[in-house]
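Colleague: Just dropping this structure here.
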Amino acid sequence: MLKAIALAALIQVPAPSQELAPGTRYDASIPTLEQVAGHGLREEITPPDQVIAYLEALAASAPERTELMRTGETWEGRPTVMLVIGSPERMARLQALKADLRRLADPSTLEGDAAERLVAELPVVTAFVHGVHGNEISSSGAAMAEAYHLLAARGDATVDLILRESLVLIDPMQNPDGRARFVFQNTMGRARWEDAAAASAEHDEPWPGGRVNHYLFDLNRDWFAQTQPETRGRVAALLEFMPHVVVDLHEMGGNSTYFFPPNAIPGNTWTTDEQRELTDVFGAANAAKFDERGFAYFNRDTYDAFYPGYGVSWPMAQGAIGATYEQASARGLVLLRSDGDQLTYGDGVLHHFTAAIQTAATAATHRERILRTYLDFRTSAVEMGRSGPREYVLTSEHDPGMARRLADALVRSGIRVDKALEAVEVGDRTLPAEGTYIVPMDQPTHRLIRNLLDPHTPMDADFVARQIERRANRLPDQIYDVTAWSMPLLWDVELIVSEGPTGAATVSLNDTRQMSDVASLRDAQVGYLMPWGTAAAAAVAEALREGIRVRSAGGEFTLGDREYAVGTAIIRNSDNGPDLAQRLARIATRHGAEVVPIDDSYVREGMSLGSGRVRHLTEPRVLLVYDRPGQTYSVGWARYVLEQRYGQRTTAVRASSLGRVDLSDFDVIVFPSGNYGDVVGDGMQEDLSGWMRSGGTMITMSESTRWAASAGLLATNAERRGGRAEGDDPPTSESADQPIDFLQAIAPSDEAPEQTPGAIVRGTLDTGHWLASGTDGEIGVLVEGTRIFAPITLDRGTNVGRYAGVDDLVMGGIVWEDAKAQLANKPFLFHQPLGRGQLIAFAEHPNYRAYAEATQLLFINAVLLGPGR
Ligand SMILES: [Zn+2]
């Protein structure tokens, strides 16, 4: 692997002004990238396997100063790693050091002068995480340069300072699958000579670009939900160290320069003044270094840190100094910018490398202040939890699996969560032990808990006022991402704030490992019932895949002393083999689903189990429309929710190949968000209608619902502002014998509804309808954009889900006044029967970032329970 290892003598490298670190002498016993991969750090876009090979070579050449941790594996089987670099003395006792770092992060465990001693002794931990978006290529290039420089530089005062005062963590690639995709497509597109034209094939990625991972997720939105393995591995590794400074290195548009904090406003509500002041210290130091080297940069614009799922903001909510660095991307080896300059991949490596090393030096210089700020943050968090409500209680009586998954997600962020072992009394409520979890508020993650669980995270009032003004002038708002993400609202888990400790017996979820042994299931005379919900849906998907025959209740019924809702799964002994109990127990345990053995089926009230309203379910044959014109994220979220969240086999068919498909081979066709007008012509539209009439279930969402409405497939209209239907003529101006209302006079006559910047809106559901199976009739719906649809009329279908009235519409985040009035009472879930089949349409993204568990259940209901209705 190493082409050559020169004598372990110090060599003097010539230092032109654009050298990575001018004047640095490097130890020749530390391999260069050239020696390992055959190209220099700034010469070529290193493919993922060579990035890993190089870090392995570096670690092998300096074992006393490094540890290369394997943090996980991507969907496509590539390793994710983190390189730890420290002084030999520290690395020799790394385990003890990590334990001390975690003690500093949990101040309530520190007695006497222990905290002071830790602040005096511990290194500052500075983590650099790279390439979360795989086509942001120079980031991983810089990662290798950082590691080489820190290990190979000799007699360098800055590097000596960094190693003396800190521990450096380098995650070289947060998204190896995305980088592999970029490198492959860039290589394929290359001309004989490097082509700088922005429109050339080598710069222009075909769908899907390298930004996203295998399931097309933006991993820089996944830090708290952690639905993706790349995120889980990285966060678990970071939690071992509890880093004090975390820098996430990105790329942005090629015509820009370089961004580092201070960030744009609004910052996150839970960021402290001390964190902001320290961020300025880093910003000023970077600025001085960039000025010295003549690199252009900007701050305080575009990039905010309001949403807590970024690489900048999740660490900040833990008490670290978080930062996003953005380098203009060459998106290839060289790019001709619109100002006529040429920007190279190597420039990007140089700038990122310079910022990272400067940051490590700043952290080392201010080691004690940073550690003290971190300790104060974690200490004051505990105090906040002692002066306010003492516990957040999470419960989901109607679907215990929901609360369990939410609790697990919190644990993955290092939050302490306790599982109830007995009924929990809170206020005048008694909550069952099953599905009830307690989050003590006096813990160092208090601010992260508030961030993730509170329904609403307030945004800076002046900033909001400015947005209202901008909207009135028809300027887009300056909100970078969503304004609401509250996990209980999106998971449909009830959050009960307990002023005092509930005192219930609990066990820590952080120490107990997932699901214990397979619960045994007794033999039952008739069979088994599974009350519907997220866990039952996942269990039934697997049961169908395994050939177990399952039926589904089309109505409510009372059996014994228990009431069962629509959607309850019925698994009869007479339909299945003699080993049913064992097979079902294994599956139900894996998904945490409740199974009720029944010895008689004589219902006291409601639907009989042998009624015609009981449907036989079969494993649905699902086609997911893939590729353009589908929106990348929507396609990926749907595929992930089908295949990974619910274990539903899915055939992804490129939209351009739909015409080759015999529709009768499928029971369900999912159209992710997108306008399919250009690929589904009149002929195919006829085919789809015919297929639905003979039993097919078509599912649309967000923009594909808009398309279905405009194409006449769905009997509704997307509304324009003020409620007119899309396509109708705008009103003519009225007679001018009244003095004009100026604001009305300048309002455009035809425009899209007011844009909603990602808010959670109250949705109510028709619980008698099978599409709403497993819900309690009210959920939070993530609403984003300008989609508002007219209700479907009774003769054409059912508005199974609609938004609440204007007064209790908004559960979290920002909905501007005009949109509020227009969204109220509008449908978000349509069921339109057509012959023996149907069209099911969502107004929004039911699978948003795969963390909208409540609407994801409605989506999987459509897939599993729809066919054969
Ligand atoms: Zn990025």
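Letters for chains follow the order of the structure tokens (A, B, ...), residue numbers begin at 1 for each chain, and ligand numbers begin at 1 in the order shown.
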Considering only C-alpha atoms and all ligand atoms, tabulate each residue of chain A that lies at most 9 Å from ligand 1 along with its nearest interatomic pair and the corresponding distance in Å to one decimal; arrange the rows by chain and ascending residue number and present them as CSV.
Modeller:
residue,atom,partner,partner_atom_place_in_ligand_line,distance
A:Gly131,CA,ligand 1,1 (Zn),7.3
A:Val132,CA,ligand 1,1 (Zn),6.4
A:His133,CA,ligand 1,1 (Zn),5.0
A:Gly134,CA,ligand 1,1 (Zn),8.3
A:Asn135,CA,ligand 1,1 (Zn),8.3
A:Glu136,CA,ligand 1,1 (Zn),6.3
A:Arg211,CA,ligand 1,1 (Zn),7.5
A:Asp218,CA,ligand 1,1 (Zn),8.8
A:Asn220,CA,ligand 1,1 (Zn),7.3
A:Asp248,CA,ligand 1,1 (Zn),8.6
A:Leu249,CA,ligand 1,1 (Zn),7.5
A:His250,CA,ligand 1,1 (Zn),4.3
A:Glu251,CA,ligand 1,1 (Zn),5.4
A:Met252,CA,ligand 1,1 (Zn),6.6
A:Thr324,CA,ligand 1,1 (Zn),8.8
A:Tyr325,CA,ligand 1,1 (Zn),9.0
A:Glu326,CA,ligand 1,1 (Zn),7.4
Colleague: Among stretch 177-408 of chain A, which ones does DSSP assign to strand (DSSP E) (computed from the backbone)? Answer as a VMD selection string.
Modeller: chain A and resid 245 to 252 258 to 259 321 to 328 334 to 336 342 to 344 391 to 395
Colleague: Can you pull out the residues contacting A:His244? Cut-off 12 Å, using only C-alpha atoms, and skip same-chain residues under 3 positions away; I want them as a ChimeraX atom specification.
Modeller: /A:101-102,104-105,122-128,166-169,238-239,241,247,275,278-279,315-323,360,363-364,366-375,377-378
Colleague: For A:Glu194, which of A:Gly723, A:Leu336, A:Asp741, A:Val246 is the closest residue, counting only C-alpha atoms?
Modeller: A:Leu336
Colleague: Counting only C-alpha atoms, which of A:Ser108, A:Thr568, A:Ser396, A:Gln358 gets nearest to A:Ala381?
Modeller: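 Between A:Ser108, A:Thr568, A:Ser396, A:Gln358, the residue approaching A:Ala381 most closely is A:Ser108.
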Colleague: Looking at A:Arg836, A:Arg615, A:Arg190, A:Arg221, which one is nearest to A:Asp481, with distances taken over only C-alpha atoms?
Modeller: A:Arg221
Colleague: So which residues touch stretch 541-552 of chain A within 9 Å, counting only C-alpha atoms, skipping near sequence neighbours fewer than 6 positions away, as a list in words?
Modeller: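 Here the qualifying residues turn out to be Val566, Gly567, Thr568, Ala569, Ile570, Ile571, Arg572, Asp575, Asn576, Gly577, Leu580, Arg583, Leu584, Ile587, Arg613, Val614, Arg615, His616, Leu617, Thr618, Glu619, Pro620, Tyr646, Gly647, Gln648, Arg649, Leu864 and Leu865 of chain A.
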Colleague: Record the distance separating atom CA of A:Ala120 and atom CA of A:Leu97, expressed in Å with one decimal.
Modeller: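 Interatomic distance, atom CA of A:Ala120 to atom CA of A:Leu97: 13.3 Å.
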Colleague: Each residue of stretch 716-777 of chain A lying at most 12 Å from stretch 531-538 of chain A should get a row with its shortest atom-to-atom pair and the distance in Å to one decimal, counting only C-alpha atoms; could you produce that, ordered by chain and increasing number, as CSV?
Modeller:
residue,atom,partner,partner_atom,distance
A:Trp770,CA,A:Trp532,CA,10.3
A:Leu771,CA,A:Trp532,CA,11.2
A:Ala772,CA,A:Gly533,CA,9.9
A:Ser773,CA,A:Trp532,CA,6.4
A:Gly774,CA,A:Gly533,CA,4.3
A:Thr775,CA,A:Gly533,CA,7.2
A:Asp776,CA,A:Gly533,CA,10.0
Colleague: Quick one: residues within 8 Å of A:Thr502, only C-alpha atoms, excluding same-chain residues fewer than 3 positions away - as a PyMOL selection string?
Modeller: chain A and resi 391+424-426+498
Colleague: Write the residues of the preceding selection, restricted to C-alpha atoms, as a compact mmCIF listing (two decimals), in the first residue's frame.
Modeller:
# COMPACT_ATOMS: atom_id res chain seq x y z
CA GLU A 391 -39.88 15.84 34.69
CA VAL A 424 -47.28 6.77 36.74
CA GLU A 425 -49.40 9.32 38.58
CA VAL A 426 -49.08 12.81 37.16
CA SER A 498 -44.68 17.31 35.68
Colleague: Closest to A:Trp816 among A:Val497, A:Ala472, A:Arg234, A:Leu713, using only C-alpha atoms?
Modeller: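 Checking each candidate against A:Trp816, we get A:Ala472 as the closest.
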Colleague: Fewer than 2 positions away in the same chain doesn't count, so skip those; otherwise give me all residues within 10 Å of A:Ala581, counting only C-alpha atoms, as an NGL selection string.
Modeller: :A and (520-524 or 527-528 or 573 or 576-579 or 583-586 or 597)
Colleague: Store the residues of this selection in a file with N, CA, C and O atoms, as a compact mmCIF listing (two decimals), in the first residue's frame.
Modeller:
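As a result, again.txt now contains:
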# COMPACT_ATOMS: atom_id res chain seq x y z
N SER A 520 -42.88 -15.27 25.19
CA SER A 520 -43.59 -16.44 24.68
C SER A 520 -45.06 -16.08 24.53
O SER A 520 -45.56 -15.16 25.17
N LEU A 521 -45.71 -16.76 23.64
CA LEU A 521 -47.10 -16.48 23.35
C LEU A 521 -47.86 -17.78 23.59
O LEU A 521 -47.48 -18.83 23.05
N ARG A 522 -48.87 -17.73 24.43
CA ARG A 522 -49.57 -18.99 24.71
C ARG A 522 -50.42 -19.40 23.52
O ARG A 522 -50.84 -18.56 22.72
N ASP A 523 -50.65 -20.70 23.41
CA ASP A 523 -51.54 -21.16 22.37
C ASP A 523 -52.94 -20.66 22.67
O ASP A 523 -53.38 -20.66 23.81
N ALA A 524 -53.61 -20.19 21.65
CA ALA A 524 -54.96 -19.67 21.85
C ALA A 524 -55.92 -20.49 20.99
O ALA A 524 -55.54 -21.03 19.96
N GLY A 527 -57.10 -17.60 17.93
CA GLY A 527 -55.98 -16.95 17.26
C GLY A 527 -55.52 -15.74 18.05
O GLY A 527 -55.59 -15.74 19.28
N TYR A 528 -55.11 -14.71 17.34
CA TYR A 528 -54.46 -13.58 18.00
C TYR A 528 -54.93 -12.25 17.39
O TYR A 528 -55.20 -12.18 16.19
N ASN A 573 -55.76 -19.06 13.89
CA ASN A 573 -55.09 -20.36 13.85
C ASN A 573 -55.49 -21.11 12.58
O ASN A 573 -54.65 -21.74 11.93
N ASN A 576 -53.50 -20.48 9.54
CA ASN A 576 -52.04 -20.60 9.61
C ASN A 576 -51.62 -21.96 10.15
O ASN A 576 -52.44 -22.74 10.63
N GLY A 577 -50.33 -22.21 10.09
CA GLY A 577 -49.79 -23.51 10.51
C GLY A 577 -49.72 -23.65 12.02
O GLY A 577 -49.99 -22.70 12.76
N PRO A 578 -49.36 -24.85 12.49
CA PRO A 578 -49.34 -25.14 13.93
C PRO A 578 -48.27 -24.37 14.71
O PRO A 578 -48.36 -24.26 15.92
N ASP A 579 -47.26 -23.84 14.00
CA ASP A 579 -46.20 -23.11 14.71
C ASP A 579 -46.49 -21.61 14.79
O ASP A 579 -45.59 -20.81 15.03
N ARG A 583 -43.90 -18.33 15.78
CA ARG A 583 -43.49 -17.40 14.72
C ARG A 583 -43.97 -15.98 15.05
O ARG A 583 -43.24 -15.01 14.91
N LEU A 584 -45.21 -15.89 15.50
CA LEU A 584 -45.79 -14.58 15.79
C LEU A 584 -45.08 -13.92 16.98
O LEU A 584 -44.83 -12.72 16.98
N ALA A 585 -44.72 -14.73 17.98
CA ALA A 585 -44.05 -14.20 19.17
C ALA A 585 -42.71 -13.59 18.76
O ALA A 585 -42.34 -12.50 19.21
N ARG A 586 -42.01 -14.28 17.89
CA ARG A 586 -40.69 -13.80 17.47
C ARG A 586 -40.82 -12.46 16.74
O ARG A 586 -40.10 -11.51 17.00
N PRO A 597 -53.88 -13.05 22.73
CA PRO A 597 -54.44 -14.36 22.37
C PRO A 597 -55.95 -14.34 22.62
O PRO A 597 -56.40 -13.79 23.62
Colleague: Residues near A:Asp177, anyone? I mean within 7 Å using only C-alpha atoms, not counting same-chain ones fewer than 6 positions away, as a ChimeraX atom specification.
Modeller: /A:74,76,213-214
